[in-house]
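Text of final15.txt, listed as compact mmCIF, C-alpha atoms:
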# COMPACT_ATOMS: atom_id res chain seq x y z
CA MET O 17 4.14 -29.26 23.94
CA THR O 18 6.96 -28.04 26.15
CA SER O 19 9.06 -24.94 26.62
CA SER O 20 12.34 -24.42 28.44
CA GLU O 21 15.43 -22.25 28.52
CA ILE O 22 18.17 -23.50 26.25
CA PRO O 23 21.41 -24.46 28.01
CA THR O 24 24.24 -22.18 27.01
CA GLY O 25 27.15 -23.98 28.58
CA ASP O 26 28.66 -25.35 25.40
CA THR O 27 32.39 -24.68 25.34
CA ALA O 28 32.72 -24.18 21.56
CA LEU O 29 31.97 -20.48 21.74
CA PRO O 30 31.47 -19.87 25.47
CA ASP O 31 30.90 -16.12 25.26
CA ALA O 32 28.66 -15.81 22.19
CA LEU O 33 25.51 -17.16 23.86
CA ASP O 34 26.18 -15.94 27.38
CA GLY O 35 23.10 -14.04 28.57
CA GLN O 36 21.35 -14.21 25.20
CA PRO O 37 17.53 -14.62 25.27
CA ILE O 38 17.04 -18.11 23.86
CA LYS O 39 14.14 -20.54 24.26
CA ARG O 40 13.48 -24.14 23.25
CA ILE O 41 9.95 -25.17 22.35
CA THR O 42 8.71 -28.59 21.28
CA ARG O 43 5.42 -28.94 19.42
CA ASP O 44 4.07 -31.61 17.11
CA GLY O 45 7.37 -33.46 17.32
CA ILE O 46 9.35 -30.45 16.12
CA GLU O 47 11.86 -28.55 18.24
CA TYR O 48 11.94 -24.79 17.75
CA VAL O 49 14.91 -22.83 19.05
CA LEU O 50 13.89 -19.18 19.38
CA LEU O 51 16.68 -16.62 19.52
CA GLY O 52 15.73 -13.09 20.56
CA THR O 53 17.87 -10.40 18.96
CA ALA O 54 18.43 -6.67 18.69
CA HIS O 55 18.64 -5.59 15.08
CA VAL O 56 21.74 -3.40 15.48
CA SER O 57 23.67 -5.55 17.96
CA ARG O 58 27.03 -7.24 17.37
CA ALA O 59 26.22 -9.66 20.19
CA SER O 60 23.10 -10.78 18.29
CA VAL O 61 25.13 -11.45 15.15
CA ALA O 62 27.60 -13.52 17.17
CA ALA O 63 24.77 -15.44 18.83
CA VAL O 64 23.20 -16.31 15.47
CA GLU O 65 26.51 -17.49 14.07
CA ALA O 66 27.30 -19.49 17.21
CA LEU O 67 23.99 -21.34 17.24
CA ILE O 68 24.22 -22.31 13.58
CA GLU O 69 27.84 -23.39 14.04
CA ARG O 70 27.13 -25.44 17.17
CA GLU O 71 23.89 -27.16 16.36
CA HIS O 72 22.23 -28.91 13.47
CA PHE O 73 19.05 -27.29 12.14
CA ASP O 74 16.79 -28.51 9.36
CA ALA O 75 15.54 -24.97 8.67
CA VAL O 76 16.29 -21.40 9.71
CA ALA O 77 13.37 -18.97 10.10
CA VAL O 78 13.90 -15.21 10.19
CA GLU O 79 11.74 -12.22 11.12
CA LEU O 80 11.50 -11.00 7.54
CA ASP O 81 8.78 -10.75 4.92
CA PRO O 82 9.57 -11.21 1.19
CA ASN O 83 9.90 -7.47 0.56
CA ARG O 84 12.31 -6.88 3.44
CA TYR O 85 14.23 -10.01 2.49
CA THR O 86 14.66 -8.66 -1.03
CA ALA O 87 15.79 -5.30 0.34
CA LEU O 88 18.28 -7.04 2.61
CA ARG O 89 19.74 -9.10 -0.23
CA ASP O 90 19.60 -6.46 -2.97
CA PRO O 91 21.48 -3.26 -2.07
CA ASP O 92 20.44 -1.71 -5.38
CA LEU O 93 16.71 -2.19 -4.76
CA LEU O 94 16.02 1.50 -4.12
CA ARG O 95 17.46 2.37 -7.53
CA LYS O 96 14.53 0.48 -9.04
CA LEU O 97 11.96 2.60 -7.22
CA ASP O 98 9.61 4.24 -9.73
CA LEU O 99 8.44 7.43 -8.05
CA PHE O 100 5.80 8.10 -10.69
CA GLN O 101 4.24 4.71 -9.99
CA VAL O 102 4.50 5.24 -6.23
CA ILE O 103 2.62 8.53 -6.57
CA ARG O 104 0.03 7.19 -9.06
CA GLN O 105 -0.75 4.18 -6.86
CA GLY O 106 -1.08 6.33 -3.72
CA LYS O 107 1.83 4.62 -1.99
CA ALA O 108 3.89 7.73 -1.25
CA GLY O 109 2.80 7.73 2.38
CA LEU O 110 3.67 4.06 2.83
CA VAL O 111 7.11 4.50 1.26
CA ALA O 112 7.75 7.52 3.50
CA ALA O 113 6.62 5.51 6.55
CA ASN O 114 9.05 2.71 5.69
CA LEU O 115 11.89 5.19 5.35
CA ALA O 116 10.98 6.82 8.65
CA LEU O 117 10.92 3.44 10.36
CA SER O 118 14.45 2.72 9.16
CA ALA O 119 15.81 6.14 10.19
CA TYR O 120 16.28 5.32 13.89
CA GLN O 121 18.03 2.01 13.23
CA ARG O 122 20.16 3.59 10.53
CA ARG O 123 21.37 6.22 12.97
CA LEU O 124 22.27 3.54 15.51
CA ALA O 125 23.96 1.50 12.81
CA GLU O 126 26.15 4.42 11.80
CA GLN O 127 26.93 5.12 15.45
CA TYR O 128 28.10 1.57 16.14
CA GLY O 129 29.25 0.48 12.70
CA ILE O 130 26.77 -2.35 12.14
CA GLU O 131 24.03 -2.61 9.55
CA PRO O 132 20.39 -2.84 10.67
CA GLY O 133 19.25 -6.45 10.46
CA ALA O 134 22.83 -7.74 10.36
CA GLU O 135 21.86 -10.71 12.52
CA LEU O 136 19.07 -11.61 10.08
CA LYS O 137 21.47 -11.36 7.16
CA ALA O 138 23.96 -13.50 9.07
CA ALA O 139 21.28 -16.13 9.67
CA VAL O 140 20.35 -16.18 5.98
CA ASP O 141 23.98 -16.29 4.83
CA ARG O 142 24.96 -19.10 7.21
CA ALA O 143 21.87 -21.12 6.34
CA GLU O 144 22.36 -20.77 2.59
CA ALA O 145 26.03 -21.68 2.92
CA ARG O 146 24.92 -24.97 4.52
CA ASP O 147 22.03 -25.53 2.09
CA ILE O 148 19.54 -25.12 4.94
CA PRO O 149 16.10 -23.86 3.90
CA VAL O 150 15.32 -20.26 4.93
CA TRP O 151 11.77 -19.46 6.04
CA LEU O 152 10.44 -15.90 5.90
CA ILE O 153 7.89 -15.77 8.71
CA ASP O 154 7.06 -12.11 9.33
CA ARG O 155 4.02 -10.28 7.99
CA ASP O 156 4.39 -7.66 5.27
CA ILE O 157 5.20 -4.31 6.90
CA GLY O 158 2.65 -2.53 4.72
CA THR O 159 -0.10 -4.86 5.94
CA THR O 160 1.00 -4.31 9.55
CA LEU O 161 0.90 -0.53 9.23
CA LYS O 162 -2.45 -0.54 7.45
CA ARG O 163 -4.01 -2.86 10.02
CA ALA O 164 -2.58 -0.77 12.85
CA TYR O 165 -3.88 2.46 11.35
CA ARG O 166 -7.35 1.15 10.57
CA ASN O 167 -7.88 -0.88 13.74
CA VAL O 168 -7.26 1.95 16.20
CA GLY O 169 -8.93 5.20 17.10
CA PHE O 170 -8.05 8.78 16.28
CA TRP O 171 -5.57 9.33 19.14
CA ASP O 172 -3.72 6.09 18.46
CA ARG O 173 -3.46 7.11 14.82
CA LEU O 174 -1.78 10.28 15.98
CA SER O 175 0.57 8.08 18.00
CA ILE O 176 1.52 6.21 14.83
CA ILE O 177 2.22 9.46 13.01
CA GLY O 178 4.06 10.80 16.07
CA GLY O 179 6.17 7.66 16.28
CA LEU O 180 7.18 8.01 12.66
CA GLY O 181 8.03 11.66 13.19
CA ALA O 182 10.03 10.93 16.33
CA SER O 183 12.06 8.27 14.52
CA VAL O 184 13.14 10.96 12.05
CA LEU O 185 13.60 13.94 14.37
CA THR O 186 15.33 12.30 17.34
CA SER O 187 19.08 12.74 17.49
CA GLU O 188 19.75 11.26 20.92
CA LYS O 189 22.61 8.79 21.06
CA ILE O 190 21.93 5.52 22.82
CA GLY O 191 24.66 3.54 24.51
CA GLU O 192 25.34 -0.01 23.35
CA GLU O 193 24.64 -1.29 26.86
CA GLU O 194 21.15 0.20 26.62
CA ILE O 195 20.63 -1.57 23.32
CA GLU O 196 21.54 -4.88 24.95
CA LYS O 197 19.11 -4.17 27.79
CA LEU O 198 16.33 -3.70 25.24
CA LYS O 199 16.92 -7.28 24.15
CA ARG O 200 15.60 -8.56 27.47
CA GLY O 201 12.03 -7.79 26.64
CA ASP O 202 11.36 -4.47 24.96
CA MET O 203 10.96 -4.17 21.22
CA LEU O 204 13.76 -2.45 19.35
CA GLU O 205 12.70 -2.78 15.74
CA SER O 206 9.73 -0.42 15.94
CA ALA O 207 9.60 3.31 16.50
CA PHE O 208 6.21 2.82 18.17
CA SER O 209 7.14 0.80 21.26
CA GLU O 210 6.60 3.66 23.71
CA PHE O 211 3.14 4.40 22.33
CA ALA O 212 2.19 0.75 21.84
CA ARG O 213 2.85 -0.13 25.46
CA GLU O 214 0.34 2.52 26.51
CA SER O 215 -2.36 1.48 24.02
CA GLU O 216 -3.70 -2.07 23.97
CA PRO O 217 -5.18 -1.80 20.43
CA LEU O 218 -1.96 -0.34 19.05
CA TYR O 219 0.16 -2.94 20.85
CA ARG O 220 -2.03 -5.72 19.49
CA SER O 221 -1.83 -4.47 15.90
CA LEU O 222 1.89 -3.69 15.85
CA ILE O 223 3.34 -6.38 18.08
CA ALA O 224 1.01 -9.10 19.36
CA GLU O 225 -0.50 -9.87 15.97
CA ARG O 226 2.95 -10.44 14.55
CA ASP O 227 3.73 -12.87 17.39
CA THR O 228 0.65 -14.84 16.37
CA TYR O 229 1.52 -14.56 12.70
CA MET O 230 5.12 -15.73 13.09
CA ALA O 231 4.09 -18.69 15.23
CA ALA O 232 1.49 -19.65 12.62
CA ARG O 233 4.04 -19.33 9.84
CA LEU O 234 6.47 -21.60 11.72
CA ARG O 235 3.75 -24.23 12.04
CA GLU O 236 2.73 -23.78 8.42
CA GLU O 237 6.23 -24.21 7.05
CA SER O 238 6.88 -27.18 9.35
CA ALA O 239 3.71 -28.94 8.18
CA ALA O 240 4.81 -28.47 4.56
CA ALA O 241 8.24 -30.00 5.26
CA PRO O 242 7.82 -33.31 7.12
CA GLU O 243 11.56 -33.92 7.06
CA VAL O 244 12.13 -30.90 9.31
CA ARG O 245 12.59 -31.72 12.99
CA ARG O 246 14.71 -28.84 14.34
CA VAL O 247 14.18 -25.17 13.47
CA LEU O 248 16.10 -22.07 14.48
CA ALA O 249 13.87 -18.97 14.54
CA VAL O 250 15.63 -15.59 14.72
CA VAL O 251 13.17 -12.93 15.94
CA GLY O 252 13.37 -9.55 17.62
CA ALA O 253 13.61 -9.95 21.38
CA GLY O 254 10.35 -8.09 21.85
CA HIS O 255 8.63 -10.95 20.03
CA LEU O 256 10.36 -13.78 21.89
CA GLN O 257 7.88 -14.37 24.71
CA GLY O 258 4.83 -13.73 22.55
CA THR O 259 5.95 -16.11 19.81
CA GLU O 260 6.79 -18.77 22.40
CA LYS O 261 3.36 -18.43 23.99
CA GLU O 262 1.59 -18.61 20.64
CA LEU O 263 3.51 -21.69 19.53
CA LEU O 264 2.41 -23.49 22.67
CA ALA O 265 -1.20 -22.31 22.69
CA GLN O 266 -2.45 -22.06 19.10
CA LEU O 267 -5.36 -24.34 18.23
CA ALA O 268 -6.58 -22.88 14.92
CA THR O 269 -4.90 -23.97 11.72
CA PRO O 270 -1.97 -21.84 10.47
CA LEU O 271 -3.89 -20.99 7.30
CA GLU O 272 -6.86 -19.68 9.27
CA LEU O 273 -4.65 -17.53 11.46
CA ARG O 274 -2.52 -16.22 8.62
CA THR O 275 -5.50 -15.39 6.42
CA ALA O 276 -7.19 -13.48 9.23
CA LEU O 277 -4.04 -11.50 10.03
CA GLU O 278 -3.29 -10.66 6.40
CA ASN O 279 -6.73 -9.20 5.91
CA VAL O 280 -6.70 -5.39 5.86
CA PRO O 281 -9.88 -3.91 7.35
CA PRO O 282 -11.70 -1.62 4.94
CA ALA O 283 -11.25 2.07 5.52
CA SER O 284 -14.05 3.64 7.53
CA ILE O 285 -16.66 5.26 5.31
CA TRP O 286 -17.39 7.99 7.85
CA PRO O 287 -14.43 10.24 6.96
CA LYS O 288 -15.50 10.10 3.31
CA VAL O 289 -19.13 10.70 4.22
CA PHE O 290 -18.12 13.64 6.41
CA THR O 291 -15.85 15.05 3.70
CA ILE O 292 -18.51 14.76 1.01
CA GLY O 293 -21.10 16.24 3.36
CA ALA O 294 -18.84 19.17 4.21
CA LEU O 295 -18.08 19.76 0.54
CA LEU O 296 -21.77 19.71 -0.32
CA ALA O 297 -22.49 22.10 2.53
CA VAL O 298 -19.86 24.51 1.24
CA GLY O 299 -21.26 24.19 -2.29
CA VAL O 300 -24.80 24.89 -1.12
CA ALA O 301 -23.54 27.83 0.92
CA VAL O 302 -21.86 29.35 -2.14
CA ILE O 303 -25.06 28.95 -4.19
CA VAL O 304 -27.12 30.57 -1.43
CA LEU O 305 -24.65 33.44 -1.18
CA PHE O 306 -24.83 34.00 -4.95
CA GLN O 307 -28.62 34.11 -4.73
CA ARG O 308 -28.44 36.67 -1.97
CA ASN O 309 -25.82 38.80 -3.64
CA ALA O 310 -23.50 38.06 -6.55
CA ALA O 311 -20.67 39.98 -4.94
CA THR O 312 -20.95 37.92 -1.75
CA GLY O 313 -20.93 34.72 -3.81
CA PHE O 314 -17.78 35.78 -5.62
CA VAL O 315 -16.13 36.55 -2.27
CA ALA O 316 -16.97 33.01 -1.11
CA LEU O 317 -15.47 31.51 -4.27
CA ARG O 318 -12.42 33.73 -3.87
CA ASP O 319 -11.95 32.52 -0.29
CA TRP O 320 -12.18 28.89 -1.41
CA VAL O 321 -9.60 29.36 -4.17
CA LEU O 322 -7.20 31.50 -2.13
CA PHE O 323 -7.27 29.51 1.09
CA VAL O 324 -7.36 25.99 -0.35
CA GLY O 325 -4.93 26.82 -3.14
CA GLY O 326 -2.77 28.94 -0.86
CA PHE O 327 -2.40 26.35 1.90
CA SER O 328 -1.81 23.60 -0.67
CA ALA O 329 1.00 25.64 -2.22
CA LEU O 330 2.34 26.50 1.23
CA GLY O 331 2.60 22.79 2.05
CA THR O 332 4.58 22.26 -1.14
CA ILE O 333 6.88 25.16 -0.32
CA ILE O 334 7.49 23.94 3.24
CA ALA O 335 8.48 20.58 1.76
CA GLY O 336 11.06 22.35 -0.39
CA GLY O 337 9.17 21.80 -3.62
CA HIS O 338 9.93 23.56 -6.89
CA PRO O 339 7.98 26.82 -7.44
CA LEU O 340 6.13 25.19 -10.34
CA SER O 341 5.16 22.30 -8.05
CA ALA O 342 3.66 24.89 -5.71
CA VAL O 343 1.81 26.42 -8.67
CA ALA O 344 0.41 22.97 -9.52
CA ALA O 345 -0.74 22.58 -5.92
CA PHE O 346 -2.35 26.03 -5.96
CA ILE O 347 -4.27 25.27 -9.16
CA THR O 348 -5.40 21.73 -8.35
CA GLY O 349 -6.07 22.24 -4.63
CA PRO O 350 -9.39 24.13 -5.02
CA LEU O 351 -10.59 21.78 -7.80
CA LYS O 352 -11.59 18.99 -5.42
CA PRO O 353 -15.05 18.40 -6.97
CA PHE O 354 -13.37 17.93 -10.37
CA ARG O 355 -10.61 15.53 -9.24
CA PRO O 356 -12.43 12.84 -7.20
CA GLY O 357 -9.98 10.35 -5.72
CA VAL O 358 -6.92 12.25 -7.00
CA PRO O 359 -5.36 14.51 -4.35
CA ALA O 360 -3.74 17.81 -5.25
CA SER O 361 -0.56 16.41 -3.70
CA ALA O 362 -0.34 13.84 -6.50
CA PHE O 363 -0.16 16.62 -9.09
CA ALA O 364 2.38 18.58 -7.06
CA ALA O 365 4.57 15.53 -6.46
CA GLY O 366 4.29 14.54 -10.12
CA VAL O 367 5.49 17.95 -11.24
CA GLU O 368 8.29 17.74 -8.66
CA VAL O 369 9.53 14.43 -10.09
CA TRP O 370 9.28 15.78 -13.64
CA LEU O 371 11.23 18.96 -12.86
CA ARG O 372 13.73 17.52 -10.40
CA LYS O 373 14.31 13.99 -11.58
CA PRO O 374 16.12 12.02 -8.85
CA GLN O 375 19.64 10.98 -9.77
CA VAL O 376 21.27 7.61 -9.10
CA ALA O 377 23.13 9.24 -6.21
CA ASP O 378 19.82 10.19 -4.57
CA PHE O 379 18.76 6.55 -4.46
CA ASP O 380 22.21 5.41 -3.33
CA THR O 381 22.23 7.79 -0.35
CA LEU O 382 18.50 7.69 0.44
CA ARG O 383 18.67 5.47 3.54
CA HIS O 384 21.62 7.45 4.87
CA ASP O 385 20.03 10.83 4.16
CA VAL O 386 16.71 10.09 5.91
CA SER O 387 18.52 9.16 9.12
CA GLU O 388 18.82 12.93 9.70
CA TRP O 389 15.74 15.10 9.42
CA THR O 390 17.51 17.65 7.22
CA GLY O 391 18.29 14.91 4.73
CA TRP O 392 14.61 14.63 3.82
CA TRP O 393 14.85 18.08 2.25
CA LYS O 394 18.22 17.48 0.58
CA ASN O 395 17.52 14.15 -1.08
CA ARG O 396 15.33 14.45 -4.19
CA VAL O 397 13.53 11.17 -3.59
CA ALA O 398 12.70 11.96 0.03
CA ARG O 399 11.78 15.55 -0.83
CA THR O 400 9.26 14.34 -3.40
CA LEU O 401 7.60 12.23 -0.72
CA LEU O 402 7.55 15.28 1.57
CA VAL O 403 5.90 17.31 -1.20
CA PHE O 404 3.14 14.72 -1.37
CA LEU O 405 2.64 14.60 2.40
CA PHE O 406 2.87 18.33 3.16
CA THR O 407 0.72 19.32 0.19
CA THR O 408 -1.94 16.88 1.42
CA LEU O 409 -1.79 18.44 4.88
CA GLY O 410 -1.91 21.96 3.45
CA THR O 411 -4.94 21.13 1.31
CA LEU O 412 -6.82 19.76 4.33
CA VAL O 413 -6.04 22.86 6.39
CA GLY O 414 -7.09 25.13 3.52
CA GLU O 415 -10.40 23.30 3.08
CA TRP O 416 -11.23 23.64 6.76
CA VAL O 417 -10.33 27.34 6.90
CA ALA O 418 -12.15 28.20 3.67
CA GLY O 419 -15.17 26.10 4.58
CA PHE O 420 -15.45 27.72 7.99
CA ARG O 421 -15.27 31.22 6.50
CA ILE O 422 -17.87 30.46 3.82
CA LEU O 423 -20.35 28.80 6.20
CA LYS O 424 -19.84 31.60 8.71
CA SER O 425 -20.75 34.18 6.07
CA LEU O 426 -24.25 32.67 5.83
CA PHE O 427 -25.14 33.99 9.28
Please render this file's structure as structure tokens.
Amino acid sequence: MTSSEIPTGDTALPDALDGQPIKRITRDGIEYVLLGTAHVSRASVAAVEALIEREHFDAVAVELDPNRYTALRDPDLLRKLDLFQVIRQGKAGLVAANLALSAYQRRLAEQYGIEPGAELKAAVDRAEARDIPVWLIDRDIGTTLKRAYRNVGFWDRLSIIGGLGASVLTSEKIGEEEIEKLKRGDMLESAFSEFARESEPLYRSLIAERDTYMAARLREESAAAPEVRRVLAVVGAGHLQGTEKELLAQLATPLELRTALENVPPASIWPKVFTIGALLAVGVAVIVLFQRNAATGFVALRDWVLFVGGFSALGTIIAGGHPLSAVAAFITGPLKPFRPGVPASAFAAGVEVWLRKPQVADFDTLRHDVSEWTGWWKNRVARTLLVFLFTTLGTLVGEWVAGFRILKSLF
């Protein structure tokens, strides 16, 4: 197994590959050419096109999973989004996270007039035009986010949420030269790079695991296609060194590695245990207060309804929800013991979709709208997701405030 820098002195397109991060790796008789790219860079698009034009490849691998590949190839995909199903299946947070992740790149794309992932699309288009097989080697983004969230501690989880928020709220313009500098080692495609570099567990979940996964997928696809001897792999520059290292060092079978990295750790039972315990404590406190004095018991119940319902409704209102959505949040928020596993936010978001059905235009402009934080409140699709998220937050705050007041009244 060997690794070396690829020569870039070919005279066919002398400028396209000048200074581009490119590596050659040979393993198991197969040569892998790794091209590191920035996902909103014209230079990266030119480099992809130049390599495919200059050299013969038996396969082209891209840093995409099937879902992102479909989104890249189908511009009308968002029109097919069923918000009711998203809410029912509890995927509103994941959809919102995906939109937040795309916001930063979308803003850069609009600034420089190039679509996010244009170099990946160019690689796919050029490969298909030459009847070259295209390999999708990245891990599903939902799996990556779930593994990151469940494999790290409380503060790193806040970093994930903060990274998503920053990708939406930031409005700073970044020069194209700075984008090209990022290609020399730092990761561009994730809003979490700053946090991940400071947290080893977060870095491992968001970045290093994907290096391992993509290297394993390259080996897996190569083993399934014995006729393949030269492969071009287009990956984000932040993954270039890690993928190279993994290709040279991996000893386990690709299936073993992929299976392990696709496994989502079960959610910790302690938050549920704590929540159930707190709810039981509040329930016992209310019963005790009723036994002491009926009036005191009614005050405790009133506090639970007003604070939980009130903060739930407030979350809906802050998200720009319809008044009736806020009413739904107010009614269902305090009924936690009678709606196990179904958050009040699901009812509020469901009412929001029913009353303010998103139009085709909302889906068409969704990616553009979420690139500015105000667009989340203007677009009906994005606003529904906000209703779900903010109502959830409001319900949690209300439960804590009400629970504290009720337990305090015992003493």
- Query: Which polymer residues have any atom within 7 Å of an atom of region 339-343 of chain O, counting all atoms listed in the file, with same-chain residues fewer than 4 positions away left out, as a list in words?
  - Reply: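 After dropping sequence-adjacent residues, the list is Ala329, Thr332, Ile333, Ile347, Ala364, Ala365, Val367 and Glu368 of chain O.
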- Item | Distance of CA of Ala87 (chain O) from CA of Gly366 (chain O), expressed in Å to one decimal place | 25.2 Å
- Would you mind telling me which residue in O:Ala283, O:Val289, O:Ala377, O:Ile422 lies nearest to Ala316 (chain O) when using only C-alpha atoms?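 Answer, going by the shortest atom-to-atom distance: O:Ile422.
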Polymer residues at most 9 Å from Leu234 (chain O), all atoms listed in the file, same-chain spacing of 5 or more positions, as a CSV table (one decimal) with C-alpha atoms, in the frame of the given file:
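Full text of part_14.csv as output:
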chain,number,residue,atom,x,y,z
O,48,TYR,CA,11.9,-24.8,17.8
O,77,ALA,CA,13.4,-19.0,10.1
O,151,TRP,CA,11.8,-19.5,6.0
O,153,ILE,CA,7.9,-15.8,8.7
O,229,TYR,CA,1.5,-14.6,12.7
O,239,ALA,CA,3.7,-28.9,8.2
O,247,VAL,CA,14.2,-25.2,13.5
O,249,ALA,CA,13.9,-19.0,14.5
O,263,LEU,CA,3.5,-21.7,19.5
O,270,PRO,CA,-2.0,-21.8,10.5
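Between CA of Leu115 (chain O) and CA of Thr228 (chain O) the interatomic distance comes to 25.5 Å.
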- Query: In Å, with one decimal, what is the gap from CA of Leu51 (chain O) to CA of Gly258 (chain O)?
  - Reply: 12.6 Å
Cut-off 9 Å: closest region 230-279 of chain O/region 217-224 of chain O atom pairs per residue, using only C-alpha atoms, as JSON lines:
{"residue": "O:Gly254", "atom": "CA", "partner": "O:Ile223", "partner_atom": "CA", "distance": 8.1}
{"residue": "O:His255", "atom": "CA", "partner": "O:Ile223", "partner_atom": "CA", "distance": 7.3}
{"residue": "O:Gly258", "atom": "CA", "partner": "O:Ala224", "partner_atom": "CA", "distance": 6.8}
{"residue": "O:Thr259", "atom": "CA", "partner": "O:Ala224", "partner_atom": "CA", "distance": 8.6}
- Identify, on the basis of all atoms listed in the file, every residue whose closest approach to Asn395 (chain O) does not exceed 10 Å; exclude the query and any residue fewer than 4 positions from it along the same chain; express the result as a PyMOL selection string. chain O and resi 374-375+377-379+381-386+390-391+399-400
- Which of O:Ile285, O:Ala112, O:Leu256, O:Leu99 sits closest to Gln36 (chain O) [using all atoms listed in the file]: O:Leu256
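For the set O:Ala344, O:Val302, O:Phe73, O:Trp370, the residue with the smallest atom-to-atom gap to Gly419 (chain O) is O:Val302, counting all atoms listed in the file.
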What are the nearest atom pairs, with distances in Å to one decimal, for all residues of region 250-313 of chain O that come at most 12 Å from region 131-141 of chain O, using all atoms listed in the file, set out by chain and rising residue number as JSON lines?
{"residue": "O:Val250", "atom": "CA", "partner": "O:Leu136", "partner_atom": "CA", "distance": 7.0}
{"residue": "O:Val251", "atom": "CA", "partner": "O:Leu136", "partner_atom": "CA", "distance": 8.4}
{"residue": "O:Gly252", "atom": "CA", "partner": "O:Leu136", "partner_atom": "CA", "distance": 9.7}
Please determine an axis-aligned box that encloses all atoms of region 216-222 of chain O listed in the file, with 4 Å added on each side, and express its centre and edge lengths in Å to one decimal as AutoDock Vina command-line options.
--center_x -1.6 --center_y -3.0 --center_z 19.9 --size_x 15.1 --size_y 13.4 --size_z 16.1
- Of the residues O:Glu262, O:Asp81, O:Glu236, O:Glu272, which is the one nearest to Gly158 (chain O), using all atoms listed in the file?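 Of O:Glu262, O:Asp81, O:Glu236, O:Glu272, the one nearest Gly158 (chain O) is O:Asp81, counting all atoms listed in the file.
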- Query: Closest to Ala241 (chain O) among O:Ala311, O:Leu423, O:Ala265, O:Ile46, using all atoms listed in the file?
  - Reply: O:Ile46
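Using only C-alpha atoms for every distance, the candidate list O:Val315, O:Ala59, O:Met230, O:Phe346 yields O:Val315 as the residue closest to Ile303 (chain O).
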